[in-house]
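Data block for entry-v3.cif (mmCIF, C-alpha atoms and all ligand atoms):
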```cif
data_run
#
loop_
_atom_site.label_atom_id
_atom_site.label_comp_id
_atom_site.auth_asym_id
_atom_site.auth_seq_id
_atom_site.Cartn_x
_atom_site.Cartn_y
_atom_site.Cartn_z
CA MET A 1 21.96 -89.74 -34.47
CA THR A 2 22.70 -86.29 -32.98
CA VAL A 3 21.20 -85.64 -29.63
CA PRO A 4 20.02 -82.05 -29.15
CA PRO A 5 21.81 -80.40 -26.23
CA LEU A 6 19.77 -80.41 -23.06
CA ALA A 7 18.74 -76.90 -22.08
CA PRO A 8 20.07 -76.36 -18.56
CA TYR A 9 16.96 -74.41 -17.69
CA PRO A 10 13.85 -73.08 -19.42
CA ALA A 11 14.52 -70.38 -21.92
CA THR A 12 14.75 -67.42 -19.61
CA ARG A 13 15.16 -64.30 -21.66
CA LEU A 14 15.23 -61.14 -19.57
CA ARG A 15 15.03 -59.04 -22.70
CA ARG A 16 11.43 -60.19 -23.25
CA LEU A 17 10.27 -57.67 -20.67
CA ARG A 18 12.35 -54.90 -22.22
CA GLN A 19 11.00 -55.17 -25.74
CA ALA A 20 8.45 -52.35 -25.68
CA ASP A 21 7.81 -49.18 -23.77
CA TRP A 22 4.62 -50.64 -22.29
CA THR A 23 6.38 -53.70 -20.86
CA ARG A 24 9.18 -51.56 -19.50
CA ARG A 25 6.65 -49.32 -17.79
CA LEU A 26 4.76 -52.31 -16.47
CA VAL A 27 7.79 -53.83 -14.73
CA ARG A 28 9.43 -50.56 -13.64
CA GLU A 29 10.34 -50.77 -9.94
CA THR A 30 10.75 -47.11 -9.04
CA GLU A 31 9.50 -43.88 -10.48
CA VAL A 32 10.36 -40.26 -9.71
CA ARG A 33 7.39 -37.97 -9.22
CA PRO A 34 7.22 -34.24 -8.56
CA SER A 35 6.25 -35.12 -4.98
CA ASP A 36 9.72 -36.64 -4.47
CA LEU A 37 11.44 -33.31 -5.00
CA ILE A 38 12.56 -30.57 -2.65
CA TRP A 39 13.56 -27.48 -4.63
CA SER A 40 16.93 -26.13 -3.53
CA MET A 41 16.79 -22.34 -3.92
CA VAL A 42 19.06 -19.38 -3.23
CA VAL A 43 17.54 -16.09 -2.07
CA HIS A 44 19.29 -12.72 -1.94
CA GLU A 45 18.79 -9.36 -0.29
CA GLY A 46 18.51 -7.34 -3.51
CA GLU A 47 15.93 -7.07 -6.24
CA GLY A 48 15.22 -9.39 -9.15
CA CYS A 49 17.10 -12.50 -10.23
CA VAL A 50 20.88 -12.83 -10.41
CA PRO A 51 22.35 -15.76 -12.36
CA VAL A 52 24.91 -17.96 -10.60
CA ALA A 53 27.83 -18.31 -13.01
CA SER A 54 28.92 -21.81 -11.99
CA MET A 55 25.35 -23.13 -11.96
CA PRO A 56 23.75 -22.27 -15.32
CA GLY A 57 19.98 -22.11 -14.92
CA VAL A 58 20.14 -21.28 -11.20
CA GLU A 59 19.46 -17.74 -10.07
CA ARG A 60 19.52 -15.98 -6.75
CA LEU A 61 15.96 -14.81 -6.18
CA SER A 62 14.72 -11.72 -4.40
CA VAL A 63 12.08 -12.17 -1.69
CA LYS A 64 9.41 -11.20 -4.20
CA GLU A 65 10.68 -13.67 -6.80
CA ALA A 66 10.92 -16.39 -4.14
CA ALA A 67 7.23 -15.89 -3.36
CA LYS A 68 6.45 -16.32 -7.06
CA ALA A 69 8.61 -19.43 -7.13
CA ALA A 70 6.61 -20.88 -4.23
CA VAL A 71 3.45 -20.50 -6.29
CA ARG A 72 5.22 -22.18 -9.18
CA ALA A 73 6.28 -25.05 -6.90
CA ARG A 74 2.69 -25.52 -5.81
CA ASP A 75 1.49 -25.56 -9.40
CA LEU A 76 4.17 -28.10 -10.33
CA GLY A 77 3.32 -30.39 -7.40
CA ILE A 78 6.65 -29.84 -5.63
CA PRO A 79 5.92 -30.33 -1.91
CA ALA A 80 8.74 -28.29 -0.38
CA ILE A 81 11.44 -25.70 -1.01
CA ALA A 82 14.78 -25.45 0.80
CA ILE A 83 16.10 -21.89 0.92
CA PHE A 84 19.69 -20.69 1.33
CA PRO A 85 20.72 -17.06 1.73
CA HIS A 86 23.19 -14.94 -0.21
CA ILE A 87 24.34 -12.21 2.16
CA ASP A 88 26.16 -9.00 1.26
CA PRO A 89 29.83 -9.47 2.29
CA SER A 90 29.81 -6.12 4.12
CA ARG A 91 27.29 -7.51 6.61
CA LYS A 92 29.27 -10.60 7.55
CA ASP A 93 31.52 -10.88 10.59
CA ALA A 94 33.52 -13.43 12.52
CA THR A 95 30.58 -14.70 14.56
CA GLY A 96 27.88 -14.38 11.91
CA SER A 97 26.00 -12.03 14.19
CA ILE A 98 23.10 -11.40 11.82
CA ALA A 99 22.28 -15.11 11.41
CA ALA A 100 19.31 -14.84 13.78
CA ASP A 101 18.10 -11.41 12.64
CA PRO A 102 14.27 -11.64 12.50
CA ASP A 103 14.28 -9.02 9.72
CA GLY A 104 16.86 -10.89 7.63
CA VAL A 105 16.34 -12.14 4.11
CA ILE A 106 15.50 -15.69 5.21
CA PRO A 107 12.61 -14.87 7.57
CA ARG A 108 11.31 -12.30 5.05
CA ALA A 109 11.43 -14.91 2.30
CA VAL A 110 9.74 -17.53 4.49
CA LYS A 111 6.86 -15.16 5.29
CA ALA A 112 6.43 -14.07 1.68
CA MET A 113 6.51 -17.65 0.42
CA LYS A 114 4.07 -18.94 3.05
CA ASP A 115 1.72 -16.02 2.28
CA ALA A 116 1.87 -16.74 -1.44
CA ALA A 117 1.60 -20.54 -1.27
CA PRO A 118 0.84 -21.82 2.23
CA GLU A 119 0.51 -25.38 0.89
CA VAL A 120 4.23 -25.55 0.10
CA GLY A 121 6.60 -26.60 2.89
CA ILE A 122 9.53 -24.29 3.55
CA MET A 123 12.80 -25.67 4.84
CA CYS A 124 15.56 -23.47 6.28
CA ASP A 125 19.25 -24.18 6.58
CA VAL A 126 20.38 -23.85 10.18
CA ALA A 127 24.03 -22.87 9.81
CA LEU A 128 26.29 -19.86 10.21
CA ASP A 129 28.44 -20.07 7.08
CA PRO A 130 26.41 -17.69 4.88
CA PHE A 131 26.85 -15.07 7.61
CA THR A 132 30.48 -15.50 8.70
CA ASP A 133 33.36 -13.65 7.05
CA HIS A 134 35.60 -16.74 7.35
CA GLY A 135 33.03 -19.10 5.77
CA HIS A 136 32.97 -21.67 8.56
CA ASP A 137 29.73 -23.12 9.89
CA GLY A 138 30.62 -22.31 13.46
CA VAL A 139 32.11 -19.88 15.92
CA VAL A 140 35.89 -19.91 15.49
CA GLU A 141 38.35 -19.33 18.31
CA ASN A 142 42.11 -19.65 17.83
CA GLY A 143 41.53 -21.61 14.65
CA LYS A 144 39.13 -24.04 16.35
CA ILE A 145 35.46 -24.40 15.52
CA LEU A 146 33.72 -24.30 18.90
CA ASN A 147 31.01 -26.94 19.16
CA ASP A 148 28.84 -25.85 22.07
CA ALA A 149 29.16 -22.11 21.51
CA THR A 150 28.03 -22.69 17.93
CA ILE A 151 24.98 -24.64 19.08
CA GLU A 152 23.81 -21.66 21.15
CA ARG A 153 23.84 -19.53 17.99
CA LEU A 154 22.10 -22.22 15.95
CA ILE A 155 19.29 -22.43 18.48
CA GLU A 156 18.70 -18.68 18.23
CA GLN A 157 18.70 -18.95 14.46
CA GLY A 158 16.40 -21.99 14.40
CA LEU A 159 13.87 -20.44 16.78
CA MET A 160 13.83 -17.29 14.67
CA GLN A 161 13.18 -19.39 11.54
CA ALA A 162 10.37 -21.30 13.28
CA ALA A 163 8.79 -18.03 14.36
CA ALA A 164 8.97 -16.76 10.78
CA GLY A 165 6.91 -19.77 9.71
CA ALA A 166 9.51 -22.29 8.55
CA ASP A 167 8.06 -25.82 8.49
CA ILE A 168 11.32 -27.74 8.50
CA LEU A 169 14.60 -26.75 10.14
CA ALA A 170 17.61 -28.39 8.58
CA PRO A 171 20.81 -28.07 10.61
CA SER A 172 23.73 -28.49 8.19
CA ASP A 173 26.53 -27.57 10.55
CA MET A 174 27.54 -31.04 11.89
CA MET A 175 28.13 -29.87 15.46
CA ASP A 176 27.66 -32.69 17.98
CA GLY A 177 24.44 -32.62 19.95
CA ARG A 178 22.72 -29.84 18.03
CA ILE A 179 19.63 -31.85 17.07
CA GLY A 180 18.75 -32.62 20.68
CA ARG A 181 19.36 -29.07 21.83
CA LEU A 182 17.35 -27.61 18.98
CA ARG A 183 14.48 -30.08 19.52
CA GLY A 184 14.40 -29.17 23.21
CA ALA A 185 14.39 -25.46 22.44
CA LEU A 186 11.57 -25.83 19.91
CA GLU A 187 9.44 -27.81 22.38
CA ALA A 188 10.08 -25.29 25.15
CA ASP A 189 9.15 -22.39 22.90
CA GLY A 190 5.89 -23.89 21.64
CA TRP A 191 7.13 -25.03 18.21
CA GLN A 192 6.41 -28.71 18.75
CA ASP A 193 5.10 -29.11 15.17
CA THR A 194 8.23 -27.69 13.54
CA MET A 195 10.07 -30.54 11.86
CA ILE A 196 13.79 -31.23 11.86
CA MET A 197 15.58 -32.73 8.90
CA SER A 198 19.12 -33.30 10.01
CA TYR A 199 22.04 -33.21 7.65
CA ALA A 200 22.97 -36.38 9.51
CA ALA A 201 25.59 -37.89 7.23
CA LYS A 202 27.23 -34.86 5.71
CA TYR A 203 30.65 -35.33 4.22
CA ALA A 204 33.56 -32.91 3.84
CA SER A 205 33.16 -32.88 0.07
CA ALA A 206 34.65 -31.16 -2.94
CA PHE A 207 31.22 -31.22 -4.56
CA TYR A 208 30.01 -28.14 -2.66
CA GLY A 209 32.26 -25.85 -4.74
CA PRO A 210 29.63 -23.95 -6.76
CA TYR A 211 27.51 -23.40 -3.64
CA ARG A 212 30.17 -20.97 -2.37
CA ASP A 213 29.63 -19.00 -5.56
CA ALA A 214 25.85 -19.26 -5.23
CA ILE A 215 25.63 -17.94 -1.68
CA GLY A 216 28.80 -15.87 -1.89
CA SER A 217 30.34 -17.59 1.13
CA ALA A 218 33.92 -16.76 1.92
CA LYS A 219 36.78 -18.86 0.63
CA LEU A 220 38.04 -20.58 3.73
CA SER A 221 41.20 -18.82 4.83
CA ALA A 222 44.62 -20.41 5.02
CA GLY A 223 45.24 -22.79 7.90
CA GLN A 224 41.54 -23.37 8.43
CA GLY A 225 40.87 -24.09 4.81
CA ASP A 226 38.47 -26.98 5.11
CA LYS A 227 35.59 -28.34 7.14
CA LYS A 228 37.19 -31.68 7.94
CA SER A 229 37.09 -31.14 11.71
CA TYR A 230 33.31 -31.22 11.68
CA GLN A 231 32.05 -32.75 8.42
CA MET A 232 32.57 -36.48 7.84
CA ASP A 233 35.50 -38.19 6.17
CA PRO A 234 34.35 -39.43 2.72
CA ALA A 235 36.06 -42.75 3.50
CA ASN A 236 33.66 -43.64 6.33
CA THR A 237 30.42 -45.56 6.40
CA GLU A 238 30.19 -47.08 9.92
CA GLU A 239 30.49 -43.55 11.27
CA ALA A 240 27.45 -42.51 9.21
CA ILE A 241 25.43 -45.11 11.10
CA ARG A 242 26.55 -43.63 14.41
CA GLU A 243 25.78 -40.07 13.27
CA VAL A 244 22.28 -40.98 12.13
CA ALA A 245 21.52 -43.09 15.21
CA LEU A 246 22.37 -40.10 17.41
CA ASP A 247 20.32 -37.63 15.37
CA ILE A 248 17.28 -39.93 15.48
CA ALA A 249 17.69 -40.42 19.22
CA GLU A 250 17.94 -36.64 19.63
CA GLY A 251 14.65 -36.07 17.81
CA ALA A 252 15.25 -35.72 14.06
CA ASP A 253 12.08 -36.38 12.05
CA MET A 254 13.94 -36.94 8.79
CA VAL A 255 17.57 -37.51 7.94
CA MET A 256 19.71 -36.62 4.97
CA VAL A 257 22.79 -37.84 3.16
CA LYS A 258 24.94 -35.25 1.44
CA PRO A 259 26.34 -35.14 -1.25
CA GLY A 260 24.07 -37.36 -3.32
CA LEU A 261 25.23 -39.48 -6.21
CA PRO A 262 28.72 -40.36 -4.90
CA TYR A 263 27.12 -41.52 -1.62
CA LEU A 264 24.31 -43.83 -2.76
CA ASP A 265 25.85 -46.68 -0.79
CA ILE A 266 25.47 -44.64 2.41
CA LEU A 267 21.88 -43.80 1.52
CA ARG A 268 20.97 -47.44 0.97
CA ARG A 269 22.67 -48.52 4.20
CA LEU A 270 20.86 -45.89 6.24
CA VAL A 271 17.47 -46.75 4.76
CA ASP A 272 18.03 -50.44 5.47
CA GLU A 273 19.31 -49.78 8.97
CA PHE A 274 16.84 -47.19 10.27
CA ARG A 275 13.76 -47.19 7.99
CA MET A 276 13.53 -43.44 8.49
CA PRO A 277 12.44 -40.94 5.84
CA THR A 278 15.90 -40.45 4.32
CA TYR A 279 16.69 -37.75 1.77
CA ALA A 280 19.54 -37.24 -0.64
CA PHE A 281 20.96 -33.81 -1.44
CA GLN A 282 22.07 -33.57 -5.06
CA VAL A 283 24.51 -30.76 -4.35
CA SER A 284 25.77 -27.81 -6.37
CA GLY A 285 28.79 -29.63 -7.82
CA GLU A 286 26.63 -32.49 -9.04
CA TYR A 287 24.34 -29.96 -10.71
CA ALA A 288 27.26 -28.10 -12.28
CA MET A 289 28.86 -31.26 -13.66
CA ILE A 290 25.72 -32.36 -15.46
CA LYS A 291 25.08 -28.85 -16.81
CA ALA A 292 28.69 -28.39 -17.96
CA ALA A 293 28.89 -31.75 -19.71
CA GLY A 294 25.46 -31.16 -21.23
CA ALA A 295 26.43 -27.70 -22.49
CA ASN A 296 29.47 -29.21 -24.19
CA GLY A 297 27.39 -31.87 -25.85
CA TRP A 298 29.31 -34.57 -23.96
CA ILE A 299 26.21 -36.06 -22.37
CA ASP A 300 22.50 -35.89 -23.04
CA GLU A 301 21.68 -33.45 -20.25
CA GLU A 302 17.98 -34.21 -19.90
CA ARG A 303 18.47 -37.95 -19.76
CA ALA A 304 21.36 -37.56 -17.33
CA ILE A 305 19.23 -35.46 -14.97
CA LEU A 306 16.34 -37.92 -14.97
CA GLU A 307 18.68 -40.89 -14.61
CA SER A 308 20.40 -39.30 -11.62
CA LEU A 309 17.05 -38.62 -9.92
CA ALA A 310 15.90 -42.19 -10.59
CA ALA A 311 19.13 -43.47 -9.03
CA PHE A 312 18.27 -41.75 -5.74
CA LYS A 313 14.84 -43.36 -5.68
CA ARG A 314 16.29 -46.77 -6.51
CA ALA A 315 18.78 -46.39 -3.65
CA GLY A 316 15.87 -45.81 -1.27
CA ALA A 317 15.55 -42.04 -0.98
CA ALA A 318 12.22 -40.75 0.30
CA GLY A 319 12.98 -37.59 -1.64
CA ILE A 320 15.69 -35.57 -3.33
CA ILE A 321 16.82 -32.03 -2.59
CA THR A 322 17.88 -30.70 -5.96
CA TYR A 323 18.39 -27.56 -8.01
CA PHE A 324 16.80 -29.46 -10.90
CA ALA A 325 13.42 -29.64 -9.10
CA PRO A 326 11.40 -27.14 -11.20
CA TRP A 327 12.70 -28.51 -14.49
CA ALA A 328 12.22 -32.13 -13.40
CA ALA A 329 8.74 -31.55 -11.96
CA GLN A 330 7.66 -29.98 -15.22
CA LYS A 331 9.06 -32.90 -17.17
CA LEU A 332 7.60 -35.58 -14.88
CA GLY A 333 4.32 -33.94 -13.91
C1 LIG B 1 26.70 -25.28 4.79
C2 LIG B 1 26.02 -25.82 3.60
C3 LIG B 1 26.69 -26.21 2.45
C4 LIG B 1 25.72 -26.64 1.55
C5 LIG B 1 24.47 -26.53 2.17
N1 LIG B 1 24.68 -26.02 3.45
C6 LIG B 1 28.13 -26.12 2.12
C7 LIG B 1 29.12 -26.65 3.06
O1 LIG B 1 28.82 -27.46 3.93
O2 LIG B 1 30.28 -26.27 2.95
C8 LIG B 1 26.02 -27.17 0.19
C9 LIG B 1 24.94 -27.17 -0.80
C10 LIG B 1 25.38 -27.45 -2.18
O3 LIG B 1 26.58 -27.65 -2.47
O4 LIG B 1 24.50 -27.48 -3.04
N2 LIG B 1 25.98 -25.01 5.89
#
```
Encoding of this model in structure tokens:
Amino acid sequence: MTVPPLAPYPATRLRRLRQADWTRRLVRETEVRPSDLIWSMVVHEGEGCVPVASMPGVERLSVKEAAKAAVRARDLGIPAIAIFPHIDPSRKDATGSIAADPDGVIPRAVKAMKDAAPEVGIMCDVALDPFTDHGHDGVVENGKILNDATIERLIEQGLMQAAAGADILAPSDMMDGRIGRLRGALEADGWQDTMIMSYAAKYASAFYGPYRDAIGSAKLSAGQGDKKSYQMDPANTEEAIREVALDIAEGADMVMVKPGLPYLDILRRLVDEFRMPTYAFQVSGEYAMIKAAGANGWIDEERAILESLAAFKRAGAAGIITYFAPWAAQKLG
């Protein structure tokens, strides 16, 4: 007599729940919605739309076009737009002196966008690099990026952005202590409702390459050719915890990890550790890679975009700053 083998456990078959679209939808743990997206957008001083060569599908928008885009964001259910300026090289200098100009392209865009679609949140980058001829995020002296002198400039810039109507200020410079100083300045000036999203764990990354093309920021000159003295070492994770703890203590309302996909482990750790609204920035290089591979037929571009956005949600992101926002919102809405 042959004895049938004893099943070690009941017949668990995980594929049962994967057999049809309806079961897959029923058990799905995370879902990306248009309300998870912050549209990363470049604005320029000229007229019309100018394509960015290294980021197919992304254009620099004039103030007028940015206002139209804000209406589009509202219609698509995108809650917020992050704007970055392209500045004419002839107007840049060593200290980025026009960074806090109240008539600059950023405050003009903020006003136009808030007039056109007041329901859409506008986030501004607090940083000097679009305005400096050397491309660094800070004031440079003898090859050194000065921390405290830079903060003074960032405060001027941030207050100007708040006065223009920006809802969220997002310092991306990585100077020490800037969140606390900016928070204090906002409170003192009557901008207590202006939010701060700190680029808290921002790494010195190769994935920002196409952004330089998009905003026309200077190639960093020889000898000071990288941002490693202020942005984080990609090898570090404990340090990200210290950065974020400080920014929260200094008054950040939201924190960000940047770049996105290569740093999902950092995102998950920060969410688990602090339970703060934590955002991922899917940066220019991540965008360009997906577009380039898609254009070559090497990956299914649409699926790759949606999969990458889902990965951020799965890793715990409260939202994703991405150049794909309008396309994705349309697809998901
Ligand atoms: C700098 C800044 C950068 C980006 C946003 N703000 C570039 C850098 O830190 O060198 C990158 C955005 C992107 O790559 O999409 N203040």
For this session: List the neighbours of region 251-268 of chain A out to 7 Å using only C-alpha atoms; skip same-chain residues closer than 5 positions along the sequence, and give me the result as an MDAnalysis selection string.
Result: chainID A and resid 179:180 183 195:203 237 276:283 315:316
Exercise. Taking (26.6, -21.2, -2.6) in the file's coordinates as the center, which residues reach within 12 Å of it, counting all atoms listed in the file, put as a PyMOL selection string?
Worked result: chain A and resi 40-44+51-55+58-60+83-87+129-131+135+207-219+283-285+288+323
Emit the selected residues as a CSV table (one decimal), keeping the file's coordinate frame, including C-alpha atoms.
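As written to disk, again22.csv reads:
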```csv
chain,number,residue,atom,x,y,z
A,40,SER,CA,16.9,-26.1,-3.5
A,41,MET,CA,16.8,-22.3,-3.9
A,42,VAL,CA,19.1,-19.4,-3.2
A,43,VAL,CA,17.5,-16.1,-2.1
A,44,HIS,CA,19.3,-12.7,-1.9
A,51,PRO,CA,22.4,-15.8,-12.4
A,52,VAL,CA,24.9,-18.0,-10.6
A,53,ALA,CA,27.8,-18.3,-13.0
A,54,SER,CA,28.9,-21.8,-12.0
A,55,MET,CA,25.4,-23.1,-12.0
A,58,VAL,CA,20.1,-21.3,-11.2
A,59,GLU,CA,19.5,-17.7,-10.1
A,60,ARG,CA,19.5,-16.0,-6.8
A,83,ILE,CA,16.1,-21.9,0.9
A,84,PHE,CA,19.7,-20.7,1.3
A,85,PRO,CA,20.7,-17.1,1.7
A,86,HIS,CA,23.2,-14.9,-0.2
A,87,ILE,CA,24.3,-12.2,2.2
A,129,ASP,CA,28.4,-20.1,7.1
A,130,PRO,CA,26.4,-17.7,4.9
A,131,PHE,CA,26.8,-15.1,7.6
A,135,GLY,CA,33.0,-19.1,5.8
A,207,PHE,CA,31.2,-31.2,-4.6
A,208,TYR,CA,30.0,-28.1,-2.7
A,209,GLY,CA,32.3,-25.8,-4.7
A,210,PRO,CA,29.6,-24.0,-6.8
A,211,TYR,CA,27.5,-23.4,-3.6
A,212,ARG,CA,30.2,-21.0,-2.4
A,213,ASP,CA,29.6,-19.0,-5.6
A,214,ALA,CA,25.8,-19.3,-5.2
A,215,ILE,CA,25.6,-17.9,-1.7
A,216,GLY,CA,28.8,-15.9,-1.9
A,217,SER,CA,30.3,-17.6,1.1
A,218,ALA,CA,33.9,-16.8,1.9
A,219,LYS,CA,36.8,-18.9,0.6
A,283,VAL,CA,24.5,-30.8,-4.4
A,284,SER,CA,25.8,-27.8,-6.4
A,285,GLY,CA,28.8,-29.6,-7.8
A,288,ALA,CA,27.3,-28.1,-12.3
A,323,TYR,CA,18.4,-27.6,-8.0
```
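The nearest approach to ligand LIG 1 (chain B) among the residues A:Ala328, A:Met289, A:Leu309, A:Ala70, with only C-alpha atoms and all ligand atoms taken into account, belongs to A:Met289.
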Exercise. When distances are computed from all atoms listed in the file, which of A:Pro34, A:Gly77, A:Gly138, A:Gly333 shows the smallest separation from Asp93 (chain A)?
Worked result: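 Using all atoms listed in the file, Asp93 (chain A) sits closest to A:Gly138.
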The centre and edge lengths of an axis-aligned box containing all atoms of region 178-187 of chain A present in the file, extended by 6 Å on each side, are to be given in Å to one decimal, as JSON.
```
{"center_x": 16.1, "center_y": -29.0, "center_z": 20.1, "size_x": 25.3, "size_y": 19.2, "size_z": 18.1}
```
For this session: Go through A:Ile38, A:Trp298, A:Val27, A:Gly57 one by one, measure the shortest atom-to-atom distance of each to Cys124 (chain A) using only C-alpha atoms, and give the residue with the smallest value.
Result: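 Of the candidates, the smallest distance to Cys124 (chain A) is held by A:Ile38.
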Problem set entry | Nearest to ligand LIG 1 (chain B), chosen from A:Met175, A:Leu37, A:Ala292, A:Ala67, with only C-alpha atoms and all ligand atoms counted in the distances | A:Met175
